[in-house]
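> This is start-v6.txt, which holds compact mmCIF, C-alpha atoms:
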# COMPACT_ATOMS: atom_id res chain seq x y z
CA MET A 1 169.70 60.01 130.39
CA ALA A 2 170.12 60.35 126.63
CA ASN A 3 171.45 63.89 126.95
CA ILE A 4 174.09 62.70 129.41
CA LEU A 5 174.97 59.59 127.44
CA GLU A 6 175.76 61.34 124.16
CA ARG A 7 178.09 63.81 125.86
CA LEU A 8 180.12 61.43 128.01
CA ASP A 9 183.86 61.38 127.38
CA GLU A 10 184.25 58.48 124.93
CA SER A 11 187.84 57.93 126.00
CA ARG A 12 186.69 57.10 129.55
CA PHE A 13 183.16 55.74 129.22
CA GLU A 14 181.45 53.20 126.97
CA PRO A 15 177.68 53.47 127.53
CA ILE A 16 175.15 50.71 127.00
CA VAL A 17 171.44 51.48 127.33
CA CYS A 18 168.92 48.94 128.56
CA VAL A 19 165.17 49.28 128.06
CA GLN A 20 162.45 46.86 129.06
CA THR A 21 160.38 47.46 125.92
CA PRO A 22 161.50 48.85 122.55
CA GLY A 23 160.00 51.85 120.82
CA GLY A 24 159.51 55.54 121.37
CA LYS A 25 161.28 58.68 120.19
CA ILE A 26 164.35 58.39 122.44
CA TYR A 27 164.75 54.68 121.68
CA GLU A 28 164.67 55.31 117.94
CA GLU A 29 167.10 58.21 118.30
CA LEU A 30 169.58 56.05 120.22
CA ILE A 31 169.34 53.31 117.61
CA SER A 32 169.87 55.82 114.79
CA LYS A 33 173.01 57.09 116.51
CA GLU A 34 174.27 53.51 116.76
CA TYR A 35 174.39 53.28 120.54
CA GLN A 36 174.28 49.78 121.96
CA VAL A 37 170.72 49.28 123.19
CA LEU A 38 169.71 46.09 124.97
CA VAL A 39 166.05 45.13 125.36
CA ALA A 40 165.77 43.01 128.49
CA PRO A 41 163.92 43.01 131.85
CA PHE A 42 166.13 44.70 134.43
CA THR A 43 163.49 44.50 137.18
CA ILE A 44 161.39 41.59 138.43
CA PRO A 45 158.57 41.28 141.00
CA VAL A 46 160.13 40.95 144.45
CA LYS A 47 157.38 38.59 145.58
CA PRO A 48 157.46 35.75 146.35
CA TYR A 49 160.47 36.59 148.49
CA ASN A 50 161.66 33.00 148.84
CA SER A 51 162.42 32.80 145.10
CA LEU A 52 163.67 36.37 144.60
CA LEU A 53 167.37 35.54 144.48
CA LYS A 54 166.85 32.61 142.13
CA ARG A 55 164.79 34.71 139.75
CA ALA A 56 167.25 37.61 140.02
CA LYS A 57 170.12 35.30 139.04
CA LEU A 58 168.22 34.24 135.93
CA ALA A 59 167.61 37.89 135.00
CA ALA A 60 171.27 38.73 135.69
CA ASP A 61 172.48 36.08 133.27
CA ARG A 62 171.31 38.28 130.40
CA PHE A 63 173.61 41.09 131.57
CA LYS A 64 176.74 39.18 132.58
CA PRO A 65 178.22 39.14 129.04
CA LEU A 66 178.19 42.96 129.07
CA LYS A 67 180.75 42.99 131.92
CA ALA A 68 179.38 46.33 133.07
CA ASP A 69 181.52 48.18 135.60
CA LEU A 70 178.81 50.64 136.61
CA TRP A 71 175.02 50.44 136.47
CA HIS A 72 172.95 53.66 136.61
CA SER A 73 169.19 53.43 137.10
CA PHE A 74 167.05 56.30 135.79
CA HIS A 75 163.49 55.03 136.27
CA TYR A 76 160.98 56.44 138.77
CA ALA A 77 159.93 53.29 140.60
CA ASP A 78 160.80 52.25 144.15
CA ASP A 79 161.82 48.81 142.86
CA TYR A 80 164.77 47.16 144.61
CA SER A 81 165.13 44.07 142.44
CA GLU A 82 167.28 46.05 140.00
CA PRO A 83 170.28 46.55 142.31
CA ILE A 84 170.17 42.85 143.16
CA ILE A 85 170.21 41.94 139.48
CA ALA A 86 172.98 44.44 138.82
CA LYS A 87 175.20 43.03 141.58
CA LEU A 88 174.59 39.44 140.47
CA ALA A 89 175.48 40.50 136.91
CA GLY A 90 178.87 41.66 138.15
CA ALA A 91 178.44 45.43 138.22
CA HIS A 92 181.03 47.06 140.46
CA GLY A 93 178.72 49.90 141.43
CA TRP A 94 174.99 50.64 141.31
CA VAL A 95 173.65 54.20 141.43
CA TYR A 96 170.13 55.52 140.99
CA THR A 97 168.68 58.96 140.33
CA LYS A 98 165.83 60.09 142.59
CA LYS A 99 163.75 62.07 140.13
CA ALA A 100 160.51 62.78 141.99
CA MET A 101 159.33 63.58 145.48
CA GLY A 102 157.43 60.36 146.15
CA TRP A 103 158.61 58.58 149.31
CA GLY A 104 157.40 56.60 152.29
CA SER A 105 157.45 53.02 151.11
CA ARG A 106 159.82 50.49 152.63
CA ALA A 107 160.95 49.67 149.09
CA TRP A 108 162.52 53.13 148.70
CA LYS A 109 164.59 52.55 151.82
CA ILE A 110 165.74 49.12 150.64
CA ARG A 111 166.57 50.53 147.21
CA SER A 112 168.61 53.28 148.87
CA PHE A 113 170.34 50.84 151.22
CA LEU A 114 171.44 48.69 148.28
CA ALA A 115 172.70 51.67 146.26
CA ASP A 116 176.38 52.55 146.19
CA ARG A 117 175.45 56.15 145.41
CA ILE A 118 172.26 58.17 145.00
CA VAL A 119 171.74 61.19 142.74
CA ALA A 120 169.18 63.62 144.16
CA ASP A 121 167.42 66.00 141.79
CA ASN A 122 167.09 68.88 144.25
CA GLN A 123 168.41 70.29 147.52
CA ASP A 124 165.36 69.26 149.57
CA MET A 125 165.75 65.54 148.96
CA PRO A 126 168.85 64.90 151.11
CA GLN A 127 167.14 66.30 154.20
CA LEU A 128 163.69 64.88 153.50
CA PHE A 129 164.65 61.38 152.37
CA PHE A 130 168.30 60.63 152.96
CA ASN A 131 169.14 62.13 156.33
CA SER A 132 169.65 58.71 157.90
CA PRO A 133 173.28 57.71 158.65
CA LEU A 134 172.66 54.80 156.27
CA PHE A 135 172.09 57.11 153.32
CA ARG A 136 173.44 60.63 153.82
CA ASN A 137 177.01 59.90 152.68
CA LYS A 138 175.76 58.29 149.48
CA VAL A 139 173.89 61.32 148.17
CA SER A 140 175.01 63.86 145.57
CA VAL A 141 172.72 66.63 144.31
CA ILE A 142 172.97 66.93 140.54
CA HIS A 143 170.45 69.20 138.90
CA HIS A 144 169.24 68.67 135.39
CA GLY A 145 170.91 70.65 132.64
CA VAL A 146 169.67 72.38 129.50
CA ASN A 147 171.07 72.22 125.99
CA LEU A 148 171.75 75.92 125.44
CA ASP A 149 172.28 75.39 121.72
CA GLU A 150 168.61 74.47 121.53
CA PHE A 151 167.08 76.60 124.29
CA HIS A 152 168.11 80.26 124.16
CA PRO A 153 166.51 83.68 123.70
CA THR A 154 165.31 84.15 120.13
CA GLN A 155 163.06 86.35 118.04
CA VAL A 156 159.73 84.97 116.83
CA LYS A 157 159.99 84.18 113.11
CA ASP A 158 156.39 83.15 112.58
CA LYS A 159 153.52 82.70 115.01
CA LYS A 160 152.86 78.96 114.94
CA PHE A 161 150.83 78.84 118.12
CA SER A 162 149.03 82.16 118.54
CA TYR A 163 148.26 82.87 114.88
CA LYS A 164 144.52 82.32 115.43
CA LEU A 165 144.31 85.15 117.94
CA ASP A 166 143.34 88.67 117.03
CA LEU A 167 146.47 90.47 118.18
CA SER A 168 145.28 93.91 117.16
CA GLU A 169 144.83 94.63 120.85
CA THR A 170 147.53 94.16 123.45
CA LYS A 171 147.29 90.73 124.98
CA THR A 172 149.63 88.85 127.26
CA LEU A 173 150.54 85.30 126.24
CA ILE A 174 151.21 82.96 129.14
CA GLY A 175 152.73 79.55 128.50
CA CYS A 176 152.75 76.44 130.65
CA VAL A 177 154.76 73.45 129.41
CA ALA A 178 153.58 70.53 131.51
CA HIS A 179 151.68 67.32 130.81
CA LEU A 180 148.05 67.47 131.89
CA VAL A 181 148.36 65.55 135.14
CA PRO A 182 147.19 66.65 138.62
CA VAL A 183 150.66 67.28 140.08
CA LYS A 184 151.19 70.20 137.70
CA GLY A 185 148.46 72.30 139.27
CA HIS A 186 146.67 73.55 136.16
CA PRO A 187 143.40 74.32 138.01
CA THR A 188 145.20 76.96 140.08
CA LEU A 189 146.62 78.52 136.93
CA ILE A 190 143.29 78.56 135.11
CA GLU A 191 141.66 80.22 138.12
CA ALA A 192 144.51 82.75 138.21
CA VAL A 193 144.01 83.55 134.52
CA SER A 194 140.33 84.20 135.18
CA ARG A 195 141.54 87.09 137.36
CA LEU A 196 143.78 88.51 134.62
CA GLU A 197 141.90 90.63 132.14
CA GLY A 198 142.84 89.91 128.53
CA ALA A 199 145.58 87.37 129.24
CA HIS A 200 145.68 84.20 127.12
CA LEU A 201 146.94 80.92 128.53
CA PHE A 202 148.52 78.22 126.36
CA LEU A 203 148.72 74.77 127.95
CA ALA A 204 151.42 72.93 126.00
CA GLY A 205 151.01 69.56 127.65
CA LYS A 206 149.78 66.21 126.47
CA PRO A 207 146.46 65.07 128.02
CA MET A 208 147.84 62.19 130.08
CA ASP A 209 144.83 61.94 132.41
CA GLU A 210 141.46 61.91 130.64
CA GLU A 211 139.34 62.74 133.70
CA TYR A 212 141.70 65.52 134.79
CA THR A 213 141.80 67.01 131.27
CA ARG A 214 138.02 66.98 131.06
CA ALA A 215 137.82 68.76 134.42
CA LEU A 216 140.18 71.48 133.16
CA HIS A 217 137.98 72.12 130.13
CA GLU A 218 134.91 72.27 132.38
CA GLN A 219 136.65 74.67 134.76
CA SER A 220 137.52 76.98 131.86
CA GLU A 221 133.88 76.99 130.78
CA VAL A 222 132.54 77.64 134.29
CA LEU A 223 134.98 80.51 134.86
CA GLY A 224 134.18 82.02 131.48
CA VAL A 225 137.72 81.85 130.14
CA SER A 226 137.41 79.05 127.59
CA GLU A 227 138.22 81.51 124.80
CA ARG A 228 141.40 82.54 126.61
CA VAL A 229 142.64 79.08 127.67
CA HIS A 230 144.11 77.15 124.77
CA PHE A 231 144.78 73.41 125.03
CA MET A 232 147.66 72.55 122.68
CA ASN A 233 147.59 68.76 123.22
CA GLY A 234 151.37 68.65 123.32
CA VAL A 235 154.01 70.70 121.52
CA GLU A 236 156.95 69.24 119.61
CA ASP A 237 158.88 72.47 119.04
CA VAL A 238 159.14 73.76 122.61
CA PRO A 239 161.74 76.50 121.87
CA ALA A 240 159.47 77.98 119.20
CA PHE A 241 156.51 77.80 121.56
CA LEU A 242 158.41 79.56 124.35
CA ALA A 243 159.60 82.24 121.94
CA GLU A 244 155.98 83.33 121.41
CA MET A 245 155.14 83.43 125.11
CA GLU A 246 155.77 86.50 127.23
CA ILE A 247 155.56 84.79 130.62
CA ALA A 248 156.08 81.14 131.56
CA VAL A 249 154.32 79.60 134.55
CA LEU A 250 154.73 76.30 136.38
CA PRO A 251 152.01 76.04 139.06
CA THR A 252 153.03 72.72 140.65
CA TRP A 253 150.93 71.58 143.61
CA ASN A 254 153.01 70.86 146.69
CA LYS A 255 150.54 68.36 148.17
CA TRP A 256 151.48 65.81 145.49
CA ARG A 257 155.22 66.18 146.22
CA LYS A 258 156.18 64.85 142.80
CA GLU A 259 158.37 67.55 141.23
CA GLY A 260 162.07 66.74 141.30
CA CYS A 261 163.89 69.20 139.06
CA PRO A 262 161.39 70.67 136.57
CA VAL A 263 163.00 70.66 133.13
CA ALA A 264 160.20 72.82 131.71
CA LEU A 265 161.17 75.62 134.07
CA LEU A 266 164.85 75.29 133.16
CA GLU A 267 164.02 75.45 129.45
CA ALA A 268 161.79 78.51 129.79
CA MET A 269 164.45 80.34 131.78
CA ALA A 270 167.12 79.37 129.25
CA CYS A 271 164.91 80.97 126.59
CA GLY A 272 165.01 84.21 128.57
CA LYS A 273 161.44 84.10 129.80
CA ALA A 274 160.30 85.71 133.02
CA CYS A 275 158.90 82.80 135.01
CA VAL A 276 156.44 82.35 137.83
CA ALA A 277 156.53 79.07 139.72
CA THR A 278 155.20 77.74 142.98
CA ASP A 279 157.55 77.53 145.93
CA VAL A 280 158.04 73.76 145.94
CA PRO A 281 161.12 71.51 145.99
CA GLY A 282 162.93 71.64 142.67
CA SER A 283 161.52 74.96 141.53
CA ARG A 284 162.97 76.79 144.52
CA ASP A 285 166.42 75.46 143.61
CA ILE A 286 166.19 77.02 140.18
CA ILE A 287 164.52 80.41 140.64
CA GLU A 288 166.06 83.13 142.80
CA ASP A 289 162.84 84.75 143.94
CA GLY A 290 162.63 88.36 142.83
CA VAL A 291 165.78 88.11 140.69
CA SER A 292 165.45 85.41 138.05
CA GLY A 293 161.73 84.84 138.51
CA LEU A 294 158.93 84.83 141.06
CA LEU A 295 157.94 82.13 143.53
CA VAL A 296 154.46 81.99 145.02
CA GLU A 297 152.62 79.88 147.55
CA PRO A 298 151.38 76.59 146.03
CA GLU A 299 147.65 76.15 145.35
CA ASN A 300 147.02 79.88 145.83
CA ALA A 301 145.34 81.30 142.71
CA VAL A 302 145.20 84.83 144.15
CA ALA A 303 148.96 84.91 144.79
CA LEU A 304 149.68 83.36 141.41
CA ALA A 305 147.50 85.91 139.62
CA ALA A 306 149.15 88.77 141.52
CA ALA A 307 152.65 87.60 140.52
CA ILE A 308 151.67 87.26 136.86
CA GLN A 309 149.94 90.64 136.94
CA ARG A 310 153.10 92.18 138.38
CA LEU A 311 155.04 91.01 135.32
CA ILE A 312 152.29 92.13 132.96
CA ASP A 313 152.27 95.63 134.46
CA ASP A 314 156.06 96.05 134.45
CA PRO A 315 157.67 95.22 131.08
CA GLU A 316 161.09 96.34 132.33
CA LEU A 317 160.91 93.92 135.25
CA ARG A 318 159.78 91.18 132.88
CA GLU A 319 162.76 91.83 130.62
CA SER A 320 165.30 92.05 133.45
CA MET A 321 164.05 88.82 135.04
CA GLY A 322 164.17 87.10 131.66
CA LYS A 323 167.80 88.11 131.21
CA ALA A 324 168.66 87.07 134.77
CA ALA A 325 166.91 83.75 134.21
CA HIS A 326 168.98 83.01 131.09
CA PHE A 327 172.18 83.98 132.88
CA ARG A 328 171.33 81.72 135.82
CA ILE A 329 170.85 78.72 133.52
CA GLU A 330 174.13 79.48 131.74
CA GLU A 331 175.98 79.69 135.04
CA HIS A 332 174.47 76.75 136.90
CA PHE A 333 172.22 74.53 134.79
CA SER A 334 173.81 73.80 131.43
CA ILE A 335 173.83 70.24 130.11
CA GLU A 336 177.63 70.34 130.11
CA GLN A 337 177.64 70.94 133.87
CA GLU A 338 175.23 68.07 134.43
CA VAL A 339 177.40 65.73 132.38
CA ALA A 340 180.60 66.81 134.14
CA ALA A 341 178.97 66.18 137.53
CA HIS A 342 177.98 62.67 136.46
CA GLU A 343 181.44 61.95 135.11
CA ARG A 344 182.96 62.95 138.45
CA LEU A 345 180.45 60.77 140.27
CA TYR A 346 181.20 57.76 138.09
CA GLU A 347 184.94 58.18 138.59
CA GLU A 348 184.47 58.40 142.35
CA ILE A 349 182.42 55.22 142.45
CA MET A 350 184.91 53.31 140.36
CA SER A 351 187.94 54.61 142.23
CA GLY A 352 186.37 53.98 145.63
CA LYS A 353 186.85 57.60 146.72
CA GLY A 354 184.61 59.29 149.26
CA ARG A 355 181.77 61.61 148.46
CA LYS A 356 182.41 65.03 146.94
CA ASN A 357 180.04 67.94 146.41
CA ASP A 358 178.88 67.99 142.79
CA ARG A 359 177.36 71.43 143.02
In structure tokens, how does this file's structure come out?


Amino acid sequence: MANILERLDESRFEPIVCVQTPGGKIYEELISKEYQVLVAPFTIPVKPYNSLLKRAKLAADRFKPLKADLWHSFHYADDYSEPIIAKLAGAHGWVYTKKAMGWGSRAWKIRSFLADRIVADNQDMPQLFFNSPLFRNKVSVIHHGVNLDEFHPTQVKDKKFSYKLDLSETKTLIGCVAHLVPVKGHPTLIEAVSRLEGAHLFLAGKPMDEEYTRALHEQSEVLGVSERVHFMNGVEDVPAFLAEMEIAVLPTWNKWRKEGCPVALLEAMACGKACVATDVPGSRDIIEDGVSGLLVEPENAVALAAAIQRLIDDPELRESMGKAAHFRIEEHFSIEQEVAAHERLYEEIMSGKGRKNDR
């Protein structure tokens, strides 16, 4: 959201950001750049139903003075009180971005019914979620974009992350940028690394799930790879981290169906890294299998290990896929393209025009 906001055409759009609670890196950054940031509840419990409209009107009163033409929701929840509040506050149009693959609740359908438009993060979503006549004409697929000024191929200046390793012998450094949560499929990757002689795995994700993180450490011990699996507990300088890695992997589990458009994969490809990812929605939109990376069956450690080993054994293939990956991001997934697609969408909503293809 912040990346889009700061690049919108100021002559056409005047953005206002609303958060329910203040604080955090993005919040502080927006404040420092003097964007208008409102702290106010933009969702309310829908129950009890008999008082929903009354409570929504009270919440909307906080937003009426803004006289917002368009309201764009970026949160993950299946809440449908927000579009009601937005309409009561006078917003001409309400759009939400579907960022993850969770679905099934009645609330998602109500939220979608109340939306004027829906932004889908990947090509699977329209068919899986929005194929109903009620929804299909509302949906535009807009992939995430990467800031290519920040993420691009670069030489390693100093080894911030692998300096503790004895690099006198040839070792392959494998990076995975993903928070330590079950959807990301780290157990499959750790098992795959146990099949790769000499390879070192760097997990650059924050430990968001204590039990899951503990299980990953235990798995590394049991498989005898604890000295080759490095838990980074989060990485601030992701471009520098990726520069040190030779191969990037995103082993998302399909059974959780949570990946929308994986930014970590986009960033690794922008940095010119040969990538291996599981063949799940979102990732399959980004990687052209065999050209700009490799896709493997989800939750299959043998297949994942074989794909990584293929890149280890063939440096020329690794280099060519890295170059193709960077080119693909330049051509299709830059932040400028994402912003332009949103600007077109906003203009369509406000002008009352019909749906157009954004990609």

> How many Å separate atom CA of Leu265 of chain A from atom CA of Leu250 of chain A?

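For atom CA of Leu265 of chain A relative to atom CA of Leu250 of chain A, the distance reads 6.9 Å.
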
> Using atom CA of Pro182 of chain A and atom CA of Gly205 of chain A as the two end points, give the distance in Å to one decimal.

12.0 Å

> List as a tab-separated table every residue of segment 166-276 of chain A that is in contact with segment 316-339 of chain A, defined as an atom at most 9 Å from one of its atoms (using only C-alpha atoms), together with the nearest atom pair and the distance in Å rounded to one decimal, sorted by chain and then rising number.


residue	atom	partner	partner_atom	distance
A:Glu246	CA	A:Arg318	CA	8.4
A:Ile247	CA	A:Arg318	CA	8.0
A:Leu266	CA	A:Ile329	CA	6.9
A:Glu267	CA	A:Ile329	CA	8.6
A:Ala268	CA	A:Ala325	CA	8.6
A:Met269	CA	A:Ala325	CA	4.9
A:Ala270	CA	A:His326	CA	4.5
A:Cys271	CA	A:His326	CA	6.4
A:Gly272	CA	A:Gly322	CA	4.3
A:Lys273	CA	A:Gly322	CA	4.5
A:Ala274	CA	A:Gly322	CA	4.3
A:Cys275	CA	A:Gly322	CA	7.6

> Enter the distance from atom CA of Phe130 of chain A to atom CA of Ile85 of chain A, in Å, rounded to one decimal.

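Between these atoms lies a distance of 23.1 Å.
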
> Pick the closest to Ser351 of chain A from A:Asp158, A:Asp285, A:Glu14, A:Asp69: which is it, counting all atoms listed in the file?

A:Asp69

> Between A:Ile118, A:Ala307, A:Ala2, A:Leu203, single out the one closest to Gly185 of chain A, counting all atoms listed in the file.

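For Gly185 of chain A, the nearest of the given residues is A:Leu203.
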
> Counting only C-alpha atoms, what is within 9 Å of segment 98-110 of chain A, bar same-chain residues fewer than 5 positions away, as a PDB file with C-alpha atoms, keeping the file's coordinate frame?


ATOM      1  CA  PHE A  74     167.050  56.300 135.790  1.00  0.00           C
ATOM      2  CA  HIS A  75     163.490  55.030 136.270  1.00  0.00           C
ATOM      3  CA  TYR A  76     160.980  56.440 138.770  1.00  0.00           C
ATOM      4  CA  ALA A  77     159.930  53.290 140.600  1.00  0.00           C
ATOM      5  CA  ASP A  78     160.800  52.250 144.150  1.00  0.00           C
ATOM      6  CA  ASP A  79     161.820  48.810 142.860  1.00  0.00           C
ATOM      7  CA  TYR A  80     164.770  47.160 144.610  1.00  0.00           C
ATOM      8  CA  ALA A 115     172.700  51.670 146.260  1.00  0.00           C
ATOM      9  CA  ILE A 118     172.260  58.170 145.000  1.00  0.00           C
ATOM     10  CA  VAL A 119     171.740  61.190 142.740  1.00  0.00           C
ATOM     11  CA  ALA A 120     169.180  63.620 144.160  1.00  0.00           C
ATOM     12  CA  ASP A 121     167.420  66.000 141.790  1.00  0.00           C
ATOM     13  CA  ASN A 122     167.090  68.880 144.250  1.00  0.00           C
ATOM     14  CA  MET A 125     165.750  65.540 148.960  1.00  0.00           C
ATOM     15  CA  PHE A 129     164.650  61.380 152.370  1.00  0.00           C
ATOM     16  CA  PHE A 130     168.300  60.630 152.960  1.00  0.00           C
ATOM     17  CA  PHE A 135     172.090  57.110 153.320  1.00  0.00           C
ATOM     18  CA  TRP A 256     151.480  65.810 145.490  1.00  0.00           C
ATOM     19  CA  ARG A 257     155.220  66.180 146.220  1.00  0.00           C
ATOM     20  CA  LYS A 258     156.180  64.850 142.800  1.00  0.00           C
ATOM     21  CA  GLU A 259     158.370  67.550 141.230  1.00  0.00           C
ATOM     22  CA  GLY A 260     162.070  66.740 141.300  1.00  0.00           C
ATOM     23  CA  CYS A 261     163.890  69.200 139.060  1.00  0.00           C
ATOM     24  CA  PRO A 281     161.120  71.510 145.990  1.00  0.00           C
TER      25      PRO A 281
END

> For each of A:Glu221, A:Ile312, A:Leu294, A:Phe113, take the minimum atom-to-atom distance to Pro133 of chain A, counting all atoms listed in the file, then give the residue where this is smallest.

A:Phe113

> Give me, as number ranges by chain, all polymer residues having an atom no more than 8 Å from segment 15-25 of chain A, counting only C-alpha atoms and skipping those fewer than 2 positions away in the same chain.

A: 5, 13, 27-29, 35-42

> Each side padded by 3 Å, which centre and which edge lengths in Å (one decimal) define the axis-aligned box around the listed atoms of segment 110-113 of chain A? Give them as lines of an AutoDock Vina configuration file.


center_x = 168.0
center_y = 51.2
center_z = 149.2
size_x = 10.6
size_y = 10.2
size_z = 10.0

> Which is closer to Gly352 of chain A than all the others in A:Ile26, A:Glu34, A:His92, A:Val156, using only C-alpha atoms?

A:His92

> Using all atoms listed in the file, find the one residue out of A:Arg12, A:Lys206, A:Lys67, A:His200 that sits nearest to Ala248 of chain A.

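Result for the nearest residue to Ala248 of chain A: A:His200.
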
> Skip segment 297-300 of chain A itself and residues of its chain fewer than 3 positions away, then list as a PyMOL selection string all residues within 12 Å of it, counting all atoms listed in the file.

chain A and resi 182-192+250-257+276-281+283-284+289+294+303-307

> With all atoms listed in the file as the atoms that count, which of A:Gln309, A:Asn147, A:Asn233, A:Asn3 lies nearest to Gly198 of chain A?

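Going through A:Gln309, A:Asn147, A:Asn233, A:Asn3 one by one, the smallest distance to Gly198 of chain A is for A:Gln309.
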
> Excluding Pro126 of chain A and its own-chain neighbours fewer than 4 positions away, which residues fall within 7 Å of it when counting all atoms listed in the file? Please give them as a ChimeraX atom specification.

/A:130-131,136,139

> Tell me which protein, DNA and RNA residues are within 10 Å of Val238 of chain A, counting only C-alpha atoms, leaving out same-chain ones fewer than 2 positions away, and put them as a PyMOL selection string.

chain A and resi 150-151+177+204+234-236+240-243+264+267-268

> Could you write those residues out with C-alpha atoms, as a tab-separated table (two decimals), in the frame of the given file?


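Printed below is result38.tsv as written:
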chain	number	residue	atom	x	y	z
A	150	GLU	CA	168.61	74.47	121.53
A	151	PHE	CA	167.08	76.60	124.29
A	177	VAL	CA	154.76	73.45	129.41
A	204	ALA	CA	151.42	72.93	126.00
A	234	GLY	CA	151.37	68.65	123.32
A	235	VAL	CA	154.01	70.70	121.52
A	236	GLU	CA	156.95	69.24	119.61
A	240	ALA	CA	159.47	77.98	119.20
A	241	PHE	CA	156.51	77.80	121.56
A	242	LEU	CA	158.41	79.56	124.35
A	243	ALA	CA	159.60	82.24	121.94
A	264	ALA	CA	160.20	72.82	131.71
A	267	GLU	CA	164.02	75.45	129.45
A	268	ALA	CA	161.79	78.51	129.79
